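Colleague: So I've got this file, target-v9.cif, and it contains mmCIF, C-alpha atoms and all ligand atoms:
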```cif
data_upload
#
loop_
_atom_site.label_atom_id
_atom_site.label_comp_id
_atom_site.auth_asym_id
_atom_site.auth_seq_id
_atom_site.Cartn_x
_atom_site.Cartn_y
_atom_site.Cartn_z
CA MET A 91 37.04 13.11 19.83
CA GLN A 92 35.80 11.29 16.78
CA LEU A 93 32.85 9.84 18.64
CA LYS A 94 31.95 13.25 20.02
CA TYR A 95 31.94 14.65 16.51
CA ARG A 96 29.63 11.93 15.33
CA ALA A 97 27.22 12.52 18.18
CA GLY A 98 27.35 16.22 17.29
CA LYS A 99 25.78 15.43 13.95
CA ILE A 100 22.59 14.57 15.74
CA LYS A 101 20.51 17.61 16.57
CA ARG A 102 19.10 17.53 20.05
CA GLU A 103 16.13 19.84 19.73
CA HIS A 104 13.88 16.92 20.45
CA SER A 105 14.47 13.82 22.44
CA VAL A 106 14.29 10.54 20.60
CA ILE A 107 12.12 7.54 21.18
CA GLU A 108 13.43 4.54 23.01
CA ASN A 109 16.18 2.54 21.28
CA LEU A 110 16.48 5.04 18.44
CA TRP A 111 19.61 6.83 19.67
CA PRO A 112 22.02 3.95 18.85
CA VAL A 113 20.53 3.79 15.36
CA LEU A 114 21.05 7.51 14.89
CA GLU A 115 24.65 7.16 16.06
CA GLN A 116 25.10 4.44 13.49
CA ILE A 117 23.72 6.73 10.77
CA ALA A 118 25.99 9.53 12.00
CA GLU A 119 29.02 7.37 11.19
CA CYS A 120 28.22 7.72 7.51
CA ASP A 121 30.35 10.36 5.80
CA LEU A 122 27.51 11.12 3.40
CA VAL A 123 25.35 12.31 6.27
CA THR A 124 25.95 15.85 7.43
CA SER A 125 23.44 15.97 10.23
CA ILE A 126 20.47 14.17 11.64
CA ILE A 127 17.46 16.08 12.85
CA PRO A 128 14.96 14.10 14.86
CA GLY A 129 11.53 15.65 14.70
CA PRO A 130 9.11 15.97 17.56
CA ILE A 131 7.84 12.76 19.03
CA ARG A 132 4.24 12.20 18.11
CA PRO A 133 2.22 9.97 20.36
CA LEU A 134 0.65 7.05 18.59
CA SER A 135 -2.97 6.39 19.08
CA THR A 136 -3.35 3.10 20.84
CA GLN A 137 -7.11 3.20 20.69
CA ASN A 138 -7.46 1.44 17.38
CA PRO A 139 -4.85 -1.21 16.98
CA GLU A 140 -4.22 -2.19 13.40
CA VAL A 141 -5.21 -5.80 12.91
CA THR A 142 -4.25 -7.59 9.74
CA PHE A 143 -4.93 -11.07 8.48
CA GLN A 144 -1.83 -13.21 8.27
CA ARG A 145 -2.89 -16.64 7.14
CA PHE A 146 -5.22 -19.53 7.74
CA THR A 147 -4.18 -22.14 10.29
CA ASP A 148 -5.41 -25.68 10.86
CA THR A 149 -7.94 -24.44 13.36
CA GLY A 150 -8.80 -21.01 12.05
CA LEU A 151 -6.80 -17.92 11.26
CA ARG A 152 -3.84 -15.97 12.46
CA LEU A 153 -4.04 -12.22 12.84
CA LEU A 154 -1.36 -9.70 13.61
CA ALA A 155 -2.18 -6.77 15.86
CA LYS A 156 -0.08 -3.62 16.07
CA ASN A 157 -0.79 -0.77 18.41
CA GLY A 158 2.16 1.41 17.51
CA THR A 159 4.35 0.21 20.34
CA ALA A 160 4.03 -3.54 20.14
CA VAL A 161 3.05 -6.37 17.87
CA GLN A 162 1.02 -9.38 18.87
CA GLU A 163 -0.17 -12.44 17.03
CA VAL A 164 -3.75 -13.42 17.60
CA TYR A 165 -4.99 -16.88 16.77
CA ILE A 166 -8.67 -17.18 16.04
CA VAL A 167 -10.25 -20.60 16.27
CA ALA A 168 -13.09 -20.80 13.78
CA PRO A 169 -14.27 -23.91 11.94
CA GLU A 170 -15.54 -21.80 9.06
CA LYS A 171 -12.31 -19.92 8.43
CA GLN A 172 -13.21 -18.11 5.25
CA ALA A 173 -16.59 -16.98 6.58
CA ALA A 174 -15.01 -15.84 9.82
CA LEU A 175 -12.42 -13.82 7.94
CA GLU A 176 -15.07 -12.24 5.75
CA TRP A 177 -17.04 -11.30 8.85
CA LEU A 178 -13.97 -9.74 10.47
CA ALA A 179 -13.29 -7.77 7.31
CA ALA A 180 -16.92 -6.71 6.90
CA GLU A 181 -16.99 -5.48 10.48
CA GLY A 182 -13.89 -3.43 9.79
CA ILE A 183 -11.94 -5.24 12.47
CA VAL A 184 -9.43 -6.82 10.16
CA ASP A 185 -7.78 -5.14 7.23
CA TRP A 186 -8.27 -7.65 4.47
CA LYS A 187 -9.47 -7.54 0.90
CA PRO A 188 -10.55 -10.65 -0.97
CA LYS A 189 -8.07 -11.66 -3.61
CA CYS A 190 -9.44 -12.35 -7.05
CA LYS A 191 -9.23 -16.01 -7.81
CA ALA A 192 -6.97 -16.47 -10.80
CA ALA A 193 -9.16 -18.44 -13.19
CA PRO A 194 -12.55 -16.67 -12.96
CA ALA A 195 -10.87 -13.29 -12.82
CA ARG A 196 -9.19 -13.97 -16.12
CA ARG A 197 -12.43 -14.97 -17.76
CA GLN A 198 -14.17 -11.83 -16.50
CA ALA A 199 -11.23 -9.59 -17.30
CA PRO A 200 -12.14 -6.59 -19.42
CA GLU A 201 -10.89 -6.38 -22.95
CA PRO A 202 -7.26 -5.36 -23.14
CA LEU A 203 -6.86 -1.68 -22.51
CA LYS A 204 -4.06 -0.04 -24.37
CA THR A 205 -3.17 3.62 -24.41
CA VAL A 206 -2.34 5.08 -27.80
CA THR A 207 -1.74 8.48 -29.32
CA LEU A 208 -4.60 9.32 -31.65
CA PRO A 209 -3.49 9.74 -35.27
CA SER A 210 -6.59 11.79 -36.03
CA ASP A 211 -9.65 13.18 -34.30
CA MET A 212 -11.78 10.38 -32.88
CA THR A 213 -15.07 10.17 -31.09
CA CYS A 214 -15.01 8.74 -27.60
CA SER A 215 -16.99 5.50 -27.69
CA VAL A 216 -18.16 6.08 -24.14
CA CYS A 217 -19.11 9.74 -23.84
CA GLY A 218 -19.36 10.61 -27.54
CA ARG A 219 -17.18 13.69 -27.37
CA VAL A 220 -14.44 14.39 -29.84
CA MET A 221 -10.89 13.51 -28.88
CA ARG A 222 -8.24 15.53 -30.69
CA ALA A 223 -5.49 14.00 -32.78
CA GLY A 224 -2.25 13.67 -30.85
CA THR A 225 -3.86 13.14 -27.47
CA ARG A 226 -3.57 9.94 -25.51
CA ALA A 227 -6.63 7.75 -25.53
CA ALA A 228 -7.59 4.23 -24.60
CA GLN A 229 -7.82 1.69 -27.36
CA LEU A 230 -10.47 -0.89 -26.70
CA GLY A 231 -11.52 -4.06 -28.37
CA ARG A 232 -9.86 -7.16 -29.67
CA LYS A 233 -10.65 -7.22 -33.38
CA ARG A 234 -12.16 -3.89 -34.24
CA PHE A 235 -10.61 -1.13 -32.19
CA VAL A 236 -12.64 1.66 -30.70
CA TYR A 237 -11.24 4.59 -28.79
CA ALA A 238 -12.26 6.33 -25.61
CA HIS A 239 -10.99 8.87 -23.14
CA ARG A 240 -8.76 7.01 -20.73
CA ARG A 241 -11.05 8.10 -17.90
CA CYS A 242 -14.16 6.94 -19.75
CA ALA A 243 -12.57 3.59 -20.58
CA ARG A 244 -11.97 2.74 -16.94
CA LYS A 245 -15.65 2.96 -16.04
ZN ZN B 1 -15.12 10.07 -23.14
#
```
Just dump the structure as structure tokens.
Ligand SMILES: [Zn+2]
Modeller:
Amino acid sequence: MQLKYRAGKIKREHSVIENLWPVLEQIAECDLVTSIIPGPIRPLSTQNPEVTFQRFTDTGLRLLAKNGTAVQEVYIVAPEKQAALEWLAAEGIVDWKPKCKAAPARRQAPEPLKTVTLPSDMTCSVCGRVMRAGTRAAQLGRKRFVYAHRRCARK
């Protein structure tokens, strides 16, 4: 009887995808859960598998491909690993964005951007318009502070 009650928590308007039913039954055991309503099954497009870069290997790089129903590792042999990865990314085949290297990124980092509440009316150092006292604005500069609209400061 108890089991039947639990199964009754799961609404059966839609069928469920493979292997999901046992998981739903597990969720149904929770007293906090009143009912479980599986939505309609939406077919996944298998035309464009999602391919992501995993890591470099001794011989090239390892990719991970997902098509919505399965996952597959793909090993690419390429002597020029970095260049090959950049090509794959540039072609839009692999989802990968270059990471900023720590040291140069720090040197090129913009001046610290702090958000402050303006004590009085200030002129935006970027667009030249007046910013009212009490509004939030970006504080720029290391020694002598200047202020700007937060949107202007990000440009
Ligand atoms: Zn501005």
Colleague: At a cut-off of 12 Å from (24.4, 16.8, 16.5) in the coordinates of the file, what residues are picked up using all atoms listed in the file, written as a list in words?
Modeller: Leu93, Lys94, Tyr95, Arg96, Ala97, Gly98, Lys99, Ile100, Lys101, Arg102, Glu103, His104, Ser105, Trp111, Leu114, Glu115, Ile117, Ala118, Glu119, Val123, Thr124, Ser125, Ile126, Ile127 and Pro128 of chain A
Colleague: What is the CA of Ala174 (chain A) to CA of Thr147 (chain A) distance in Å?
Modeller: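 Straight-line distance from CA of Ala174 (chain A) to CA of Thr147 (chain A) works out to 12.5 Å.
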Colleague: Could you work out an axis-aligned bounding box for all listed atoms of region 180-189 of chain A, with 5 Å added on each of the six sides, and give its centre and edge lengths in Å to one decimal, as AutoDock Vina command-line options?
Modeller:
```
--center_x -12.4 --center_y -7.5 --center_z 4.4 --size_x 19.2 --size_y 18.2 --size_z 26.1
```
Colleague: Please tabulate, as CSV, the residues of chain A that come within 6 Å of ligand ZN 1 (chain B), each with its closest pair of atoms and the distance in Å to one decimal, counting all atoms listed in the file and ordering rows by chain, then residue number upward.
Modeller:
```
residue,atom,partner,partner_atom,distance
A:Cys214,CA,B:ZN1,ZN,4.7
A:Val216,CA,B:ZN1,ZN,5.1
A:Cys217,CA,B:ZN1,ZN,4.1
A:Arg219,CA,B:ZN1,ZN,5.9
A:Ala238,CA,B:ZN1,ZN,5.3
A:His239,CA,B:ZN1,ZN,4.3
A:Cys242,CA,B:ZN1,ZN,4.7
```
Colleague: What lies within 7 Å of region 161-169 of chain A using only C-alpha atoms, ignoring chain neighbours under 4 positions off, as a list in words?
Modeller: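 The residues that qualify are Thr149, Gly150, Leu151, Arg152, Leu153, Leu154, Ala155, Lys156, Asn157 and Ala174 of chain A.
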Colleague: Mind pulling up the distance from CA of Ile183 (chain A) to CA of Gly158 (chain A)?
Modeller: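 Taking CA of Gly158 (chain A) and CA of Ile183 (chain A), their separation equals 16.4 Å.
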Colleague: Would you mind telling me which residue in A:Ser210, A:Thr142, A:Asn109, A:Gln229 lies nearest to Lys187 (chain A) when using only C-alpha atoms?
Modeller: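 Of A:Ser210, A:Thr142, A:Asn109, A:Gln229, the one nearest Lys187 (chain A), counting only C-alpha atoms, is A:Thr142.
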Colleague: How many Å lie between CA of Asp211 (chain A) and CA of Arg232 (chain A), rounded to one decimal?
Modeller: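 Here the two named atoms are 20.9 Å from each other.
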Colleague: Let me make sure I understand: among A:Ala179, A:Thr159, A:Met221, A:Arg226, which one has the smallest atom-to-atom distance to Pro139 (chain A) if we use all atoms listed in the file?
Modeller: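 Checking each candidate against Pro139 (chain A), we get A:Thr159 as the closest.
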Colleague: Need the shell around Arg241 (chain A): protein/DNA/RNA residues with any atom at most 9 Å away, counting all atoms listed in the file. Skip same-chain ones fewer than 3 positions apart. Format as a PyMOL selection string?
Modeller: chain A and resi 227-228+238+244-245
Colleague: My list of candidates is A:Val236, A:Val113, A:Ala173, A:Leu208. Which is closest to Pro188 (chain A) when distances are computed with all atoms listed in the file?
Modeller: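 Among the listed residues, A:Ala173 lies closest to Pro188 (chain A).
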Colleague: For Thr205 (chain A), which of A:Lys171, A:Arg240, A:Arg222, A:Arg234 is the closest residue, counting only C-alpha atoms?
Modeller: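 Closest to Thr205 (chain A) of all the choices is A:Arg240.
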Colleague: Of the candidates A:Gly218, A:Phe146, A:Met212, A:Gly224, which one gets nearest to Tyr237 (chain A) if we count all atoms listed in the file?
Modeller: A:Met212
Colleague: Which of these, A:Ala223, A:Arg132, A:Leu175, A:Pro209, has the shortest distance to Gln144 (chain A) once you count all atoms listed in the file?
Modeller: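 Looking only at the distances to Gln144 (chain A), the closest residue turns out to be A:Leu175.
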